[in-house]
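Pasted below: input_21.txt, compact mmCIF, C-alpha atoms and all ligand atoms.
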# COMPACT_ATOMS: atom_id res chain seq x y z
CA MET E 1 1.94 165.66 73.74
CA LEU E 2 5.62 165.30 72.77
CA PRO E 3 6.97 162.81 75.35
CA TYR E 4 10.23 163.45 77.29
CA GLY E 5 11.38 160.07 76.05
CA ARG E 6 9.99 157.07 74.25
CA GLN E 7 10.91 153.75 72.66
CA SER E 8 12.04 153.36 69.06
CA ILE E 9 10.51 150.18 67.66
CA ASP E 10 10.89 149.26 63.99
CA GLU E 11 9.95 146.24 61.88
CA SER E 12 13.20 144.43 62.71
CA ASP E 13 12.20 144.54 66.39
CA VAL E 14 8.68 143.31 65.62
CA GLU E 15 10.05 140.47 63.48
CA ALA E 16 12.55 139.41 66.17
CA VAL E 17 9.75 139.09 68.73
CA ALA E 18 7.37 137.34 66.31
CA GLU E 19 10.04 134.77 65.49
CA VAL E 20 10.33 133.75 69.15
CA LEU E 21 6.54 133.65 69.52
CA ARG E 22 6.38 131.16 66.64
CA GLY E 23 9.07 128.96 68.22
CA ASP E 24 9.30 126.56 71.15
CA TRP E 25 10.50 128.85 73.90
CA LEU E 26 8.62 131.70 75.49
CA THR E 27 10.52 132.10 78.72
CA THR E 28 14.03 130.72 79.27
CA GLY E 29 15.36 129.69 75.85
CA PRO E 30 18.26 130.43 73.53
CA ALA E 31 17.55 134.17 73.20
CA VAL E 32 18.42 134.77 76.88
CA GLY E 33 22.05 133.71 76.56
CA ARG E 34 22.36 135.45 73.21
CA PHE E 35 21.03 138.70 74.64
CA GLU E 36 23.42 138.49 77.59
CA ALA E 37 26.34 137.84 75.21
CA GLU E 38 25.39 140.80 72.98
CA LEU E 39 25.07 143.02 76.04
CA ALA E 40 28.53 141.91 77.20
CA TRP E 41 29.89 143.30 73.95
CA TRP E 42 28.72 146.73 75.16
CA THR E 43 30.25 146.26 78.62
CA GLY E 44 33.70 145.58 77.18
CA GLY E 45 33.38 141.83 77.76
CA VAL E 46 32.12 141.95 81.36
CA PRO E 47 29.52 139.15 81.62
CA CYS E 48 25.86 139.99 82.21
CA VAL E 49 22.82 138.40 83.82
CA SER E 50 19.45 139.56 82.48
CA VAL E 51 16.57 140.23 84.88
CA THR E 52 13.01 141.54 84.72
CA SER E 53 13.68 145.25 85.40
CA GLY E 54 16.25 147.80 86.41
CA THR E 55 14.81 147.59 89.90
CA ALA E 56 15.32 143.82 89.97
CA ALA E 57 18.87 144.43 88.73
CA LEU E 58 19.59 146.71 91.70
CA HIS E 59 18.07 144.19 94.12
CA VAL E 60 20.19 141.40 92.58
CA ALA E 61 23.34 143.55 92.60
CA TYR E 62 22.96 144.34 96.31
CA VAL E 63 22.42 140.64 97.05
CA ALA E 64 25.53 139.79 95.00
CA ALA E 65 27.47 142.43 96.96
CA GLY E 66 26.37 140.76 100.21
CA VAL E 67 24.26 143.70 101.41
CA GLY E 68 22.13 142.73 104.40
CA ALA E 69 20.63 143.89 107.68
CA GLY E 70 22.84 146.34 109.55
CA ASP E 71 24.91 147.25 106.50
CA GLU E 72 25.11 150.73 105.04
CA VAL E 73 24.81 151.64 101.37
CA ILE E 74 26.04 155.07 100.30
CA THR E 75 24.31 156.54 97.26
CA SER E 76 23.12 159.67 95.52
CA PRO E 77 19.71 161.13 96.29
CA LEU E 78 19.38 162.47 92.73
CA THR E 79 17.97 159.24 91.36
CA PHE E 80 14.89 157.14 90.94
CA VAL E 81 13.84 155.77 94.33
CA ALA E 82 14.69 152.16 93.35
CA THR E 83 18.43 152.82 93.73
CA ALA E 84 17.80 153.28 97.44
CA SER E 85 14.64 151.25 98.11
CA THR E 86 16.15 147.94 96.97
CA ALA E 87 18.95 148.36 99.54
CA ALA E 88 16.44 149.31 102.23
CA LEU E 89 14.35 146.21 101.43
CA LEU E 90 17.42 144.09 102.27
CA GLY E 91 17.58 145.71 105.70
CA ALA E 92 20.43 148.08 104.91
CA ARG E 93 20.56 151.69 106.01
CA VAL E 94 20.74 154.02 103.02
CA VAL E 95 23.24 156.85 103.52
CA PHE E 96 22.72 159.70 101.06
CA ALA E 97 25.83 161.56 99.93
CA ASP E 98 25.59 164.83 98.03
CA VAL E 99 26.12 165.32 94.30
CA GLN E 100 28.50 167.41 92.22
CA PRO E 101 26.79 170.73 91.43
CA ASP E 102 27.36 170.53 87.66
CA THR E 103 26.96 166.87 86.64
CA GLY E 104 24.48 165.88 89.36
CA ASN E 105 26.58 162.75 89.94
CA LEU E 106 27.62 161.32 93.31
CA ASP E 107 30.49 163.41 94.72
CA PRO E 108 33.37 161.05 95.68
CA ASP E 109 34.48 163.35 98.53
CA ALA E 110 30.97 163.47 99.97
CA ALA E 111 30.80 159.66 99.77
CA ALA E 112 34.24 159.32 101.40
CA ALA E 113 33.14 161.49 104.34
CA LEU E 114 30.25 159.10 105.10
CA VAL E 115 32.13 155.80 105.05
CA THR E 116 31.93 153.73 108.25
CA SER E 117 32.96 150.19 109.21
CA ARG E 118 29.46 149.10 108.11
CA THR E 119 29.64 150.49 104.55
CA ARG E 120 29.00 147.50 102.27
CA ALA E 121 28.32 149.21 98.95
CA ILE E 122 28.74 152.59 97.28
CA THR E 123 26.29 153.13 94.44
CA ALA E 124 26.90 155.78 91.81
CA VAL E 125 24.16 156.81 89.39
CA ASP E 126 25.22 157.87 85.90
CA TYR E 127 22.79 160.75 85.95
CA ALA E 128 21.27 161.51 82.52
CA GLY E 129 23.82 159.14 80.93
CA HIS E 130 26.97 160.99 82.06
CA PRO E 131 29.27 158.49 83.85
CA ALA E 132 30.18 159.29 87.45
CA ASP E 133 33.81 159.78 88.54
CA TYR E 134 34.67 156.10 88.84
CA ASP E 135 38.44 156.39 89.43
CA GLU E 136 37.83 158.48 92.56
CA LEU E 137 34.87 156.34 93.66
CA ARG E 138 36.94 153.18 93.18
CA GLU E 139 39.51 154.57 95.57
CA VAL E 140 36.89 155.38 98.21
CA ALA E 141 35.31 151.92 97.90
CA GLY E 142 38.71 150.20 97.88
CA ARG E 143 39.79 151.94 101.09
CA CYS E 144 36.76 150.64 103.03
CA GLY E 145 36.33 147.27 101.28
CA ALA E 146 32.89 148.16 99.94
CA ALA E 147 31.52 147.01 96.59
CA LEU E 148 31.33 149.73 93.95
CA VAL E 149 27.94 149.59 92.24
CA ALA E 150 26.97 151.58 89.14
CA ASP E 151 23.28 152.28 88.55
CA ALA E 152 23.68 152.64 84.80
CA ALA E 153 19.96 152.75 84.01
CA HIS E 154 20.67 155.95 82.01
CA SER E 155 24.09 155.22 80.57
CA LEU E 156 24.25 152.05 78.49
CA GLY E 157 26.52 152.92 75.55
CA SER E 158 28.46 155.62 77.44
CA ALA E 159 32.19 155.59 78.13
CA TYR E 160 34.50 157.04 80.80
CA LYS E 161 38.19 157.53 79.93
CA ASP E 162 37.70 155.21 76.94
CA ARG E 163 36.29 152.44 79.14
CA PRO E 164 32.67 151.41 78.55
CA VAL E 165 29.96 151.62 81.18
CA GLY E 166 29.60 148.09 82.54
CA SER E 167 33.35 147.75 83.11
CA LEU E 168 33.75 150.63 85.59
CA ALA E 169 32.29 149.21 88.82
CA ASP E 170 32.17 145.83 90.57
CA LEU E 171 28.49 145.56 89.70
CA THR E 172 26.65 147.55 87.03
CA THR E 173 22.88 147.60 86.66
CA PHE E 174 20.91 148.43 83.52
CA SER E 175 17.22 149.16 82.85
CA PHE E 176 15.44 148.42 79.60
CA PHE E 177 12.28 150.41 80.35
CA PRO E 178 10.86 151.98 77.15
CA THR E 179 12.39 155.44 77.70
CA LYS E 180 15.91 154.10 78.37
CA ASN E 181 18.71 153.76 75.79
CA VAL E 182 17.37 150.39 74.61
CA THR E 183 14.18 148.64 75.64
CA THR E 184 12.78 145.16 76.29
CA ALA E 185 9.45 146.72 77.46
CA GLU E 186 10.32 145.83 81.06
CA GLY E 187 13.78 144.43 81.71
CA GLY E 188 17.19 144.92 83.21
CA ALA E 189 20.59 143.33 83.66
CA VAL E 190 23.53 143.12 86.03
CA ALA E 191 27.14 143.07 84.80
CA ALA E 192 29.88 141.73 87.06
CA ALA E 193 33.48 140.77 86.31
CA ASP E 194 33.91 138.77 89.53
CA PRO E 195 32.74 135.15 88.93
CA ALA E 196 31.43 134.70 92.48
CA MET E 197 29.34 137.90 92.30
CA LEU E 198 28.06 136.92 88.87
CA ARG E 199 27.04 133.49 90.11
CA ARG E 200 25.24 134.91 93.15
CA ALA E 201 23.37 137.24 90.79
CA ALA E 202 22.45 134.42 88.38
CA ARG E 203 21.25 132.21 91.21
CA PHE E 204 19.19 134.85 92.97
CA ARG E 205 17.25 135.63 89.77
CA ASN E 206 16.27 131.93 89.54
CA HIS E 207 14.99 131.14 93.06
CA GLY E 208 18.51 130.44 94.31
CA LEU E 209 18.40 127.03 92.59
CA VAL E 210 21.66 125.06 92.47
CA ARG E 211 21.66 122.64 89.54
CA GLU E 212 25.33 121.60 89.36
CA PRO E 213 25.67 118.19 91.17
CA ALA E 214 29.22 119.05 92.20
CA GLU E 215 27.87 121.94 94.24
CA GLN E 216 24.85 120.20 95.74
CA ARG E 217 24.71 118.98 99.33
CA HIS E 218 22.70 115.88 98.36
CA PRO E 219 23.76 115.12 94.76
CA ASP E 220 22.66 111.45 94.85
CA GLU E 221 18.94 112.25 95.01
CA GLY E 222 18.38 111.78 91.25
CA GLY E 223 18.57 113.55 87.93
CA TRP E 224 15.68 115.84 88.79
CA HIS E 225 17.29 117.19 91.92
CA GLN E 226 17.83 120.90 92.49
CA GLU E 227 18.65 122.60 95.75
CA VAL E 228 18.17 126.03 97.27
CA HIS E 229 21.12 127.14 99.42
CA ALA E 230 20.08 130.79 99.71
CA PHE E 231 16.64 132.27 99.04
CA GLY E 232 16.06 133.89 95.67
CA LEU E 233 13.27 135.16 93.45
CA ASN E 234 11.99 134.67 89.93
CA TYR E 235 13.54 137.63 88.09
CA ARG E 236 14.02 135.78 84.77
CA LEU E 237 13.70 137.91 81.64
CA PRO E 238 11.69 135.88 79.08
CA ASP E 239 12.99 134.79 75.67
CA VAL E 240 10.41 136.98 73.92
CA LEU E 241 11.79 140.09 75.60
CA CYS E 242 15.43 139.03 75.17
CA ALA E 243 14.75 138.74 71.42
CA LEU E 244 13.56 142.35 71.47
CA GLY E 245 16.68 143.24 73.44
CA ILE E 246 19.00 141.62 70.89
CA SER E 247 17.31 143.52 68.10
CA GLN E 248 17.49 146.79 70.05
CA LEU E 249 21.20 146.34 70.87
CA ARG E 250 21.88 146.02 67.15
CA ARG E 251 20.39 149.49 66.79
CA LEU E 252 22.10 151.03 69.83
CA ALA E 253 25.05 152.51 67.90
CA ARG E 254 22.58 154.41 65.71
CA PHE E 255 20.47 155.42 68.70
CA ARG E 256 23.61 156.79 70.33
CA GLU E 257 24.55 158.75 67.24
CA ARG E 258 21.08 160.29 66.99
CA ARG E 259 20.96 161.13 70.70
CA ALA E 260 24.39 162.79 70.41
CA ARG E 261 23.24 164.79 67.38
CA LEU E 262 20.10 165.98 69.21
CA VAL E 263 22.18 166.89 72.27
CA ALA E 264 24.57 168.91 70.09
CA ARG E 265 21.59 170.71 68.52
CA TYR E 266 20.13 171.54 71.95
CA ASP E 267 23.57 172.80 73.06
CA THR E 268 23.76 175.14 70.08
CA LEU E 269 20.16 176.28 69.89
CA LEU E 270 19.81 176.97 73.62
CA ARG E 271 23.24 178.53 74.19
CA ASP E 272 22.06 182.14 74.41
CA VAL E 273 18.70 181.65 76.09
CA PRO E 274 18.72 183.67 79.33
CA GLY E 275 18.13 182.03 82.71
CA LEU E 276 19.14 178.61 81.46
CA THR E 277 22.06 176.36 82.49
CA LEU E 278 22.86 173.61 80.01
CA PRO E 279 24.09 170.16 81.13
CA ALA E 280 27.82 169.94 81.94
CA GLN E 281 30.10 167.37 80.41
CA ARG E 282 33.54 166.28 81.61
CA ALA E 283 36.25 166.19 78.93
CA TYR E 284 37.02 162.51 79.64
CA VAL E 285 33.52 161.05 79.13
CA SER E 286 31.55 160.27 76.01
CA PRO E 287 27.98 159.91 77.13
CA CYS E 288 25.07 158.22 75.41
CA ARG E 289 22.60 160.64 76.96
CA HIS E 290 19.29 159.30 78.24
CA LEU E 291 18.17 162.76 79.39
CA TYR E 292 18.89 166.36 78.47
CA PRO E 293 18.62 168.05 81.88
CA VAL E 294 18.62 171.84 81.80
CA ARG E 295 18.35 174.04 84.87
CA ILE E 296 15.92 176.93 85.04
CA GLY E 297 17.05 179.86 87.15
CA GLY E 298 15.12 182.60 88.91
CA GLY E 299 12.77 180.25 90.74
CA ARG E 300 10.83 179.69 87.52
CA ARG E 301 11.15 175.90 87.11
CA ARG E 302 7.57 175.11 88.10
CA GLU E 303 6.14 177.87 85.90
CA VAL E 304 8.24 176.69 82.93
CA TYR E 305 7.20 173.06 83.54
CA ASP E 306 3.52 174.02 83.59
CA ARG E 307 3.75 176.23 80.50
CA MET E 308 5.71 173.66 78.49
CA ARG E 309 3.17 170.98 79.38
CA ALA E 310 0.31 173.32 78.48
CA ALA E 311 2.01 173.78 75.10
CA GLY E 312 2.00 170.01 74.55
CA ILE E 313 5.64 169.40 75.40
CA GLY E 314 6.12 166.59 77.87
CA VAL E 315 9.01 167.86 79.95
CA GLN E 316 9.90 165.89 83.06
CA VAL E 317 11.66 166.50 86.38
CA ASN E 318 14.42 164.06 87.37
CA TYR E 319 14.38 163.65 90.35
CA VAL E 320 12.71 164.55 93.63
CA PRO E 321 15.55 163.82 96.11
CA ALA E 322 15.02 160.17 97.07
CA TYR E 323 14.89 160.88 100.82
CA TRP E 324 11.98 163.31 100.36
CA HIS E 325 9.73 160.30 99.77
CA PRO E 326 7.57 159.88 102.89
CA VAL E 327 8.91 156.35 103.41
CA PHE E 328 12.34 157.87 104.11
CA GLU E 329 10.83 160.82 105.96
CA ASP E 330 9.17 158.30 108.29
CA LEU E 331 12.60 156.74 108.91
CA GLY E 332 13.91 160.12 110.11
CA TYR E 333 15.53 161.53 106.95
CA ARG E 334 15.03 165.29 106.77
CA ARG E 335 15.05 167.92 104.05
CA GLY E 336 18.34 169.77 103.92
CA LEU E 337 20.39 166.56 104.16
CA CYS E 338 22.02 167.03 100.71
CA PRO E 339 21.77 170.73 99.79
CA GLY E 340 23.53 170.23 96.45
CA ALA E 341 21.03 167.64 95.26
CA GLU E 342 18.14 169.76 96.54
CA SER E 343 19.22 172.88 94.67
CA TYR E 344 19.89 170.83 91.53
CA TYR E 345 16.38 169.35 91.82
CA ALA E 346 14.84 172.79 92.42
CA GLU E 347 15.99 173.98 88.98
CA GLU E 348 16.01 170.78 86.92
CA LEU E 349 13.88 170.20 83.83
CA SER E 350 14.42 167.32 81.37
CA LEU E 351 13.69 168.28 77.77
CA PRO E 352 12.33 165.70 75.30
CA LEU E 353 15.03 163.41 73.92
CA TRP E 354 14.67 160.11 72.09
CA PRO E 355 16.24 158.72 68.90
CA GLY E 356 13.10 159.05 66.78
CA MET E 357 12.65 162.73 67.63
CA THR E 358 12.80 164.92 64.51
CA ASP E 359 14.70 168.18 64.14
CA ALA E 360 11.32 169.91 63.66
CA GLN E 361 9.99 168.52 66.93
CA GLN E 362 13.17 169.65 68.67
CA ASP E 363 12.89 173.12 67.13
CA ARG E 364 9.41 173.37 68.61
CA VAL E 365 10.75 172.50 72.06
CA VAL E 366 13.51 175.11 71.73
CA GLU E 367 11.20 177.85 70.45
CA THR E 368 8.61 177.22 73.16
CA LEU E 369 11.22 177.23 75.92
CA ALA E 370 13.00 180.32 74.56
CA GLY E 371 9.64 182.07 74.21
CA ILE E 372 8.87 181.49 77.88
CA LEU E 373 12.30 182.56 79.14
CA ARG E 374 12.86 185.63 76.92
C1 LIG E 401 14.65 153.52 85.32
C2 LIG E 401 15.55 153.56 86.51
C3 LIG E 401 15.61 152.55 87.47
C4 LIG E 401 14.60 151.43 87.52
O1 LIG E 401 14.49 150.70 86.35
P1 LIG E 401 13.12 149.94 86.01
O2 LIG E 401 13.49 149.12 84.82
O3 LIG E 401 12.08 150.97 85.72
O4 LIG E 401 12.77 149.10 87.19
C5 LIG E 401 16.56 152.62 88.47
N1 LIG E 401 17.42 153.64 88.54
C6 LIG E 401 17.38 154.66 87.67
C7 LIG E 401 18.37 155.77 87.78
C8 LIG E 401 16.44 154.67 86.63
O5 LIG E 401 16.38 155.69 85.78

Let me see the file written as structure tokens.
Ligand SMILES: *Cc1c(COP(=O)(O)O)cnc(C)c1O
Amino acid sequence: MLPYGRQSIDESDVEAVAEVLRGDWLTTGPAVGRFEAELAWWTGGVPCVSVTSGTAALHVAYVAAGVGAGDEVITSPLTFVATASTAALLGARVVFADVQPDTGNLDPDAAAALVTSRTRAITAVDYAGHPADYDELREVAGRCGAALVADAAHSLGSAYKDRPVGSLADLTTFSFFPTKNVTTAEGGAVAAADPAMLRRAARFRNHGLVREPAEQRHPDEGGWHQEVHAFGLNYRLPDVLCALGISQLRRLARFRERRARLVARYDTLLRDVPGLTLPAQRAYVSPCRHLYPVRIGGGRRREVYDRMRAAGIGVQVNYVPAYWHPVFEDLGYRRGLCPGAESYYAEELSLPLWPGMTDAQQDRVVETLAGILR
């Protein structure tokens, strides 16, 4: 089965991991800081805190934004459930705003219409790797004093109006799951320009421990003393995985080039296939695409999914609207809430896309899809 996405691991990655395994540090060692510094090169200098997953990154970002019980978090339903569930776990009410019909990204006007005095964060999702409309979202968030969060699990390496993802929101979260733009097996990170937010993020990922004597309440206890001022968790990304991350980031420019080339080939080869809508792209973004999401018209998405799978082509559907999950249904969310996201979902099909995919493999995807639709 051709997968919809997969990791690209070469000998330089293997060697980078083996080198750490032969050394003194397995968990928190020198590779962690180096990985965070390399990642900050991609965010345009915005500092980063590594964590154990993209989900952990969202949890940490909401904590850093001060999200708590009684707060509201506005986000897109066209996303992986973690964008919403991490806010819900903190006691916030998730408010789903509809998406733009072409990009599938959070619609700034829809978000603006749902702002209340309790809105604490607005979370955009760079769907498929295409950055959301951050200038408009910034204005909405600024008007109500909410933090602007970017779930950039899909979009590391993308840019919006010549500004890199990671520098567009108050808090940006990344995922390094194997199918994403770079991988650390499991892993994630939070980028934040504001020093106080960054420090809250760094502390929460390490049990909330305060090590700096100047900031401790009881600094005279002894050299061993550490204090917890706010509860945290162990979300530390180990040295071994950070070493893989460093090696992967060195390859990201080439991954991006190959993804762009494959996207351009899909655009050309699928242009005249009937019943197909190709992914939209705004003139002012340059995406490093994680997904190639086409839409299948005529109510045929499920049939096309089944037939592609039967032909050994691992297409995927991204995503079931988040509030369709029974956990949200049980909280009173109902189908019909965001009609734009629901009709996008009803037609969406993600075609295989990863840097190691060959032209011949892509041709097979195109021929199989065209054969079904013609
Ligand atoms: C992958 C993903 C996540 C979660 O990341 P993990 O590393 O799998 O925990 C969150 N949001 C979106 C949009 C994702 O694609």

- [ ] Go through E:Thr368, E:Glu72, E:Gly223, E:Phe177 one by one, measure the shortest atom-to-atom distance of each to Arg93 in chain E using all atoms listed in the file, and give the residue with the smallest value.
- [x]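 Of E:Thr368, E:Glu72, E:Gly223, E:Phe177, the one nearest Arg93 in chain E, counting all atoms listed in the file, is E:Glu72.
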
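Residue nearest Phe174 in chain E within the list E:Asp220, E:Glu342, E:Asp363, E:Asp126: E:Asp126 [criterion: smallest interatomic distance, all atoms listed in the file].
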
For ligand LIG 401 (chain E), return the neighbouring residues as a PDB file with C-alpha atoms, keeping the file's coordinate frame (distance at most 8 Å; only C-alpha atoms and all ligand atoms).
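Contents of out.pdb, as written:
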ATOM      1  CA  THR E  52      13.010 141.540  84.720  1.00  0.00           C
ATOM      2  CA  SER E  53      13.680 145.250  85.400  1.00  0.00           C
ATOM      3  CA  GLY E  54      16.250 147.800  86.410  1.00  0.00           C
ATOM      4  CA  THR E  55      14.810 147.590  89.900  1.00  0.00           C
ATOM      5  CA  ALA E  56      15.320 143.820  89.970  1.00  0.00           C
ATOM      6  CA  ALA E  57      18.870 144.430  88.730  1.00  0.00           C
ATOM      7  CA  LEU E  58      19.590 146.710  91.700  1.00  0.00           C
ATOM      8  CA  THR E  79      17.970 159.240  91.360  1.00  0.00           C
ATOM      9  CA  PHE E  80      14.890 157.140  90.940  1.00  0.00           C
ATOM     10  CA  VAL E  81      13.840 155.770  94.330  1.00  0.00           C
ATOM     11  CA  ALA E  82      14.690 152.160  93.350  1.00  0.00           C
ATOM     12  CA  THR E  83      18.430 152.820  93.730  1.00  0.00           C
ATOM     13  CA  VAL E 125      24.160 156.810  89.390  1.00  0.00           C
ATOM     14  CA  ASP E 126      25.220 157.870  85.900  1.00  0.00           C
ATOM     15  CA  TYR E 127      22.790 160.750  85.950  1.00  0.00           C
ATOM     16  CA  ASP E 151      23.280 152.280  88.550  1.00  0.00           C
ATOM     17  CA  ALA E 152      23.680 152.640  84.800  1.00  0.00           C
ATOM     18  CA  ALA E 153      19.960 152.750  84.010  1.00  0.00           C
ATOM     19  CA  HIS E 154      20.670 155.950  82.010  1.00  0.00           C
ATOM     20  CA  PHE E 174      20.910 148.430  83.520  1.00  0.00           C
ATOM     21  CA  SER E 175      17.220 149.160  82.850  1.00  0.00           C
ATOM     22  CA  PHE E 176      15.440 148.420  79.600  1.00  0.00           C
ATOM     23  CA  PHE E 177      12.280 150.410  80.350  1.00  0.00           C
ATOM     24  CA  LYS E 180      15.910 154.100  78.370  1.00  0.00           C
ATOM     25  CA  GLU E 186      10.320 145.830  81.060  1.00  0.00           C
ATOM     26  CA  GLY E 187      13.780 144.430  81.710  1.00  0.00           C
ATOM     27  CA  GLY E 188      17.190 144.920  83.210  1.00  0.00           C
TER      28      GLY E 188
END

Task: All residues 12 Å or closer to range 323-335 of chain E, only C-alpha atoms, same chain fewer than 4 positions away omitted, as a PyMOL selection string - done: chain E and resi 75-85+88-89+93-98+319+339-343+345

Open item on the list: Nearest residue to Trp41 in chain E out of E:His130, E:Arg259, E:His290, E:Arg250, using only C-alpha atoms?
Closed with: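 So, comparing all the options, the nearest one is E:Arg250.
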
Would you compute, for all listed atoms of range 30-38 of chain E, the axis-aligned bounding box grown by 3 Å on each side, and then report its centre and edge lengths in Å rounded to one decimal, as JSON?
{"center_x": 21.9, "center_y": 135.6, "center_z": 75.3, "size_x": 14.8, "size_y": 16.4, "size_z": 10.6}

Trp224 in chain E: which residues within 12 Å, counting only C-alpha atoms, same-chain residues fewer than 3 positions away excluded, as a PDB file with C-alpha atoms, in the coordinates of the input?
ATOM      1  CA  VAL E 210      21.660 125.060  92.470  1.00  0.00           C
ATOM      2  CA  ARG E 211      21.660 122.640  89.540  1.00  0.00           C
ATOM      3  CA  GLU E 212      25.330 121.600  89.360  1.00  0.00           C
ATOM      4  CA  PRO E 213      25.670 118.190  91.170  1.00  0.00           C
ATOM      5  CA  HIS E 218      22.700 115.880  98.360  1.00  0.00           C
ATOM      6  CA  PRO E 219      23.760 115.120  94.760  1.00  0.00           C
ATOM      7  CA  ASP E 220      22.660 111.450  94.850  1.00  0.00           C
ATOM      8  CA  GLU E 221      18.940 112.250  95.010  1.00  0.00           C
ATOM      9  CA  GLU E 227      18.650 122.600  95.750  1.00  0.00           C
TER      10      GLU E 227
END

Residues within 12 Å of (16.6, 161.0, 63.6), file coords, only C-alpha atoms, listed as a PDB file with C-alpha atoms, keeping the file's coordinate frame:
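part_36.pdb written:
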ATOM      1  CA  SER E   8      12.040 153.360  69.060  1.00  0.00           C
ATOM      2  CA  ARG E 254      22.580 154.410  65.710  1.00  0.00           C
ATOM      3  CA  PHE E 255      20.470 155.420  68.700  1.00  0.00           C
ATOM      4  CA  ARG E 256      23.610 156.790  70.330  1.00  0.00           C
ATOM      5  CA  GLU E 257      24.550 158.750  67.240  1.00  0.00           C
ATOM      6  CA  ARG E 258      21.080 160.290  66.990  1.00  0.00           C
ATOM      7  CA  ARG E 259      20.960 161.130  70.700  1.00  0.00           C
ATOM      8  CA  ALA E 260      24.390 162.790  70.410  1.00  0.00           C
ATOM      9  CA  ARG E 261      23.240 164.790  67.380  1.00  0.00           C
ATOM     10  CA  LEU E 262      20.100 165.980  69.210  1.00  0.00           C
ATOM     11  CA  VAL E 263      22.180 166.890  72.270  1.00  0.00           C
ATOM     12  CA  ARG E 265      21.590 170.710  68.520  1.00  0.00           C
ATOM     13  CA  LEU E 353      15.030 163.410  73.920  1.00  0.00           C
ATOM     14  CA  TRP E 354      14.670 160.110  72.090  1.00  0.00           C
ATOM     15  CA  PRO E 355      16.240 158.720  68.900  1.00  0.00           C
ATOM     16  CA  GLY E 356      13.100 159.050  66.780  1.00  0.00           C
ATOM     17  CA  MET E 357      12.650 162.730  67.630  1.00  0.00           C
ATOM     18  CA  THR E 358      12.800 164.920  64.510  1.00  0.00           C
ATOM     19  CA  ASP E 359      14.700 168.180  64.140  1.00  0.00           C
ATOM     20  CA  ALA E 360      11.320 169.910  63.660  1.00  0.00           C
ATOM     21  CA  GLN E 361       9.990 168.520  66.930  1.00  0.00           C
ATOM     22  CA  GLN E 362      13.170 169.650  68.670  1.00  0.00           C
TER      23      GLN E 362
END

Open item on the list: Taking all atoms listed in the file into account, name the residue in E:Val304, E:Val67, E:Leu276, E:Leu233 that is nearest to Asn206 in chain E.
Closed with: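 Under the stated criterion, the closest residue is E:Leu233.
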
Task: From E:Glu367, E:Asp71, E:Glu303, E:Asp162, residue lying nearest Tyr266 in chain E [all atoms listed in the file] - done: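 Counting all atoms listed in the file, the residue closest to Tyr266 in chain E is E:Glu367.
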
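Going from CA of Asp102 in chain E over to CA of Pro279 in chain E, you cover 7.3 Å.
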
If we count only C-alpha atoms and set the cut-off at 8 Å, which residues sit around Ser158 in chain E, ignoring sequence neighbours fewer than 2 positions away in its own chain? Please answer as a compact mmCIF listing (two decimals) with C-alpha atoms, in the coordinates of the input.
# COMPACT_ATOMS: atom_id res chain seq x y z
CA GLY E 129 23.82 159.14 80.93
CA HIS E 130 26.97 160.99 82.06
CA PRO E 131 29.27 158.49 83.85
CA SER E 155 24.09 155.22 80.57
CA LEU E 156 24.25 152.05 78.49
CA TYR E 160 34.50 157.04 80.80
CA PRO E 164 32.67 151.41 78.55
CA VAL E 165 29.96 151.62 81.18
CA VAL E 285 33.52 161.05 79.13
CA SER E 286 31.55 160.27 76.01
CA PRO E 287 27.98 159.91 77.13
CA CYS E 288 25.07 158.22 75.41
CA ARG E 289 22.60 160.64 76.96

Open item on the list: Under the rule that all atoms listed in the file are counted, which of E:Pro195, E:Val228, E:Val49, E:Thr173 is the nearest residue to Leu209 in chain E?
Closed with: E:Val228

Task: Separation of CA of Val315 in chain E from CA of Thr123 in chain E, in Å and rounded to one decimal - done: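 Separation between CA of Val315 in chain E and CA of Thr123 in chain E: 26.9 Å.
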
Open item on the list: Taking 2 positions as the minimum chain separation for residues in the same chain, which residues sit within 7 Å of Thr27 in chain E when counting all atoms listed in the file? Answer as a PyMOL selection string.
Closed with: chain E and resi 25+29+238-240

Export of prior selection with C-alpha atoms as a compact mmCIF listing (two decimals), in the coordinates of the input:
# COMPACT_ATOMS: atom_id res chain seq x y z
CA TRP E 25 10.50 128.85 73.90
CA GLY E 29 15.36 129.69 75.85
CA PRO E 238 11.69 135.88 79.08
CA ASP E 239 12.99 134.79 75.67
CA VAL E 240 10.41 136.98 73.92

Shell around Ala280 in chain E at 10 Å using only C-alpha atoms, local window under 5 positions removed, as a PDB file with C-alpha atoms, keeping the file's coordinate frame:
ATOM      1  CA  PRO E 101      26.790 170.730  91.430  1.00  0.00           C
ATOM      2  CA  ASP E 102      27.360 170.530  87.660  1.00  0.00           C
ATOM      3  CA  THR E 103      26.960 166.870  86.640  1.00  0.00           C
ATOM      4  CA  GLY E 104      24.480 165.880  89.360  1.00  0.00           C
ATOM      5  CA  HIS E 130      26.970 160.990  82.060  1.00  0.00           C
ATOM      6  CA  PRO E 293      18.620 168.050  81.880  1.00  0.00           C
ATOM      7  CA  VAL E 294      18.620 171.840  81.800  1.00  0.00           C
TER       8      VAL E 294
END

TODO: Dig up all the protein and nucleic acid residues within 6 Å of (11.5, 167.1, 82.9) in the file frame, using all atoms listed in the file, and format them as a list in words.
DONE: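 Protein, DNA and RNA residues close to (11.5, 167.1, 82.9): Val315, Gln316, Val317, Leu349, Ser350 and Leu351 of chain E.
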
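Relative to CA of Leu244 in chain E, CA of Arg34 in chain E is found at 11.3 Å.
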